[in-house]
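Heads up: the structure comes next, in structure tokens.
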Amino acid sequence: MSARVSKAVQTLIQNTSPGHAFKLAVAEYAVKCLTSYELIHLEVVDRSNREVLEGHYFRLNILQGISIIGLADWDKLRPIIVLTNRYMDTKKKKTRKITDLLQNSQSVTS
């Protein structure tokens, strides 16, 4: 369970409602998987140079500003759009390469 929930509360939930404790643990695990992408990124980087991707792995990741917006901040769409547009403006060369690769792969597979 979450580090935010005290050990006593965790024990109480597990002892009084194991079904709910399990559901809570699964939900927390799902959130962790969805928000902890760094390990997956490192694994893909390691494999991209030697396997199917042939070095064509790109990560578009807004590093600054977005971390202050949480999963529950659905009402902060405007700042997300601004940060995304600002980030993409700095990645024009990378997005051009991605576009070229996608267009070439479509002509090969058609």
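So you can find residues: chains in the structure tokens are A, B, ... in the order shown, residues in each start at 1, and ligands are numbered from 1 in order.
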
Inset, instruction - Might you pull out every residue within 12 Å of region 6-11 of chain A, with only C-alpha atoms counted and same-chain residues fewer than 5 positions away left off, and present them as a PyMOL selection string? - result: chain A and resi 1+16-18+20-22+24-25

Written selection (C-alpha atoms) as a PDB file, in the first residue's frame:
```pdb
ATOM      1  CA  MET A   1       0.000   0.000   0.000  1.00  0.00           C
ATOM      2  CA  THR A  16     -10.946  -5.818   8.574  1.00  0.00           C
ATOM      3  CA  SER A  17     -11.430  -5.818   4.816  1.00  0.00           C
ATOM      4  CA  PRO A  18      -8.894  -7.894   2.902  1.00  0.00           C
ATOM      5  CA  HIS A  20     -10.677  -3.721  -0.142  1.00  0.00           C
ATOM      6  CA  ALA A  21      -7.006  -3.906   0.836  1.00  0.00           C
ATOM      7  CA  PHE A  22      -6.314  -5.999  -2.260  1.00  0.00           C
ATOM      8  CA  LEU A  24      -6.368  -0.649  -3.047  1.00  0.00           C
ATOM      9  CA  ALA A  25      -3.026  -2.391  -3.580  1.00  0.00           C
TER      10      ALA A  25
END
```

Legend entry - All residues 9 Å or closer to region 86-97 of chain A, only C-alpha atoms, same chain fewer than 6 positions away omitted, as an MDAnalysis selection string: chainID A and resid 58 60:64

Go ahead and write the selection's residues with C-alpha atoms as a CSV table (one decimal), in the first residue's frame.
```
chain,number,residue,atom,x,y,z
A,58,PHE,CA,12.4,8.5,-29.6
A,60,LEU,CA,9.2,13.0,-26.2
A,61,ASN,CA,9.1,13.9,-22.6
A,62,ILE,CA,8.3,17.3,-21.1
A,63,LEU,CA,10.8,17.6,-18.3
A,64,GLN,CA,10.1,21.0,-16.8
```

Inset, instruction - Point out the residue among A:Val31, A:Val26, A:Thr84, A:Tyr57 with the least atom-to-atom distance to Glu43 (chain A), counting only C-alpha atoms. - result: A:Tyr57

Inset, instruction - Please return as an NGL selection string: the residues of region 16-106 of chain A that backbone DSSP assigns to alpha helix (DSSP H). - result: :A and (16 or 18-35 or 38-48 or 77-89 or 92-106)
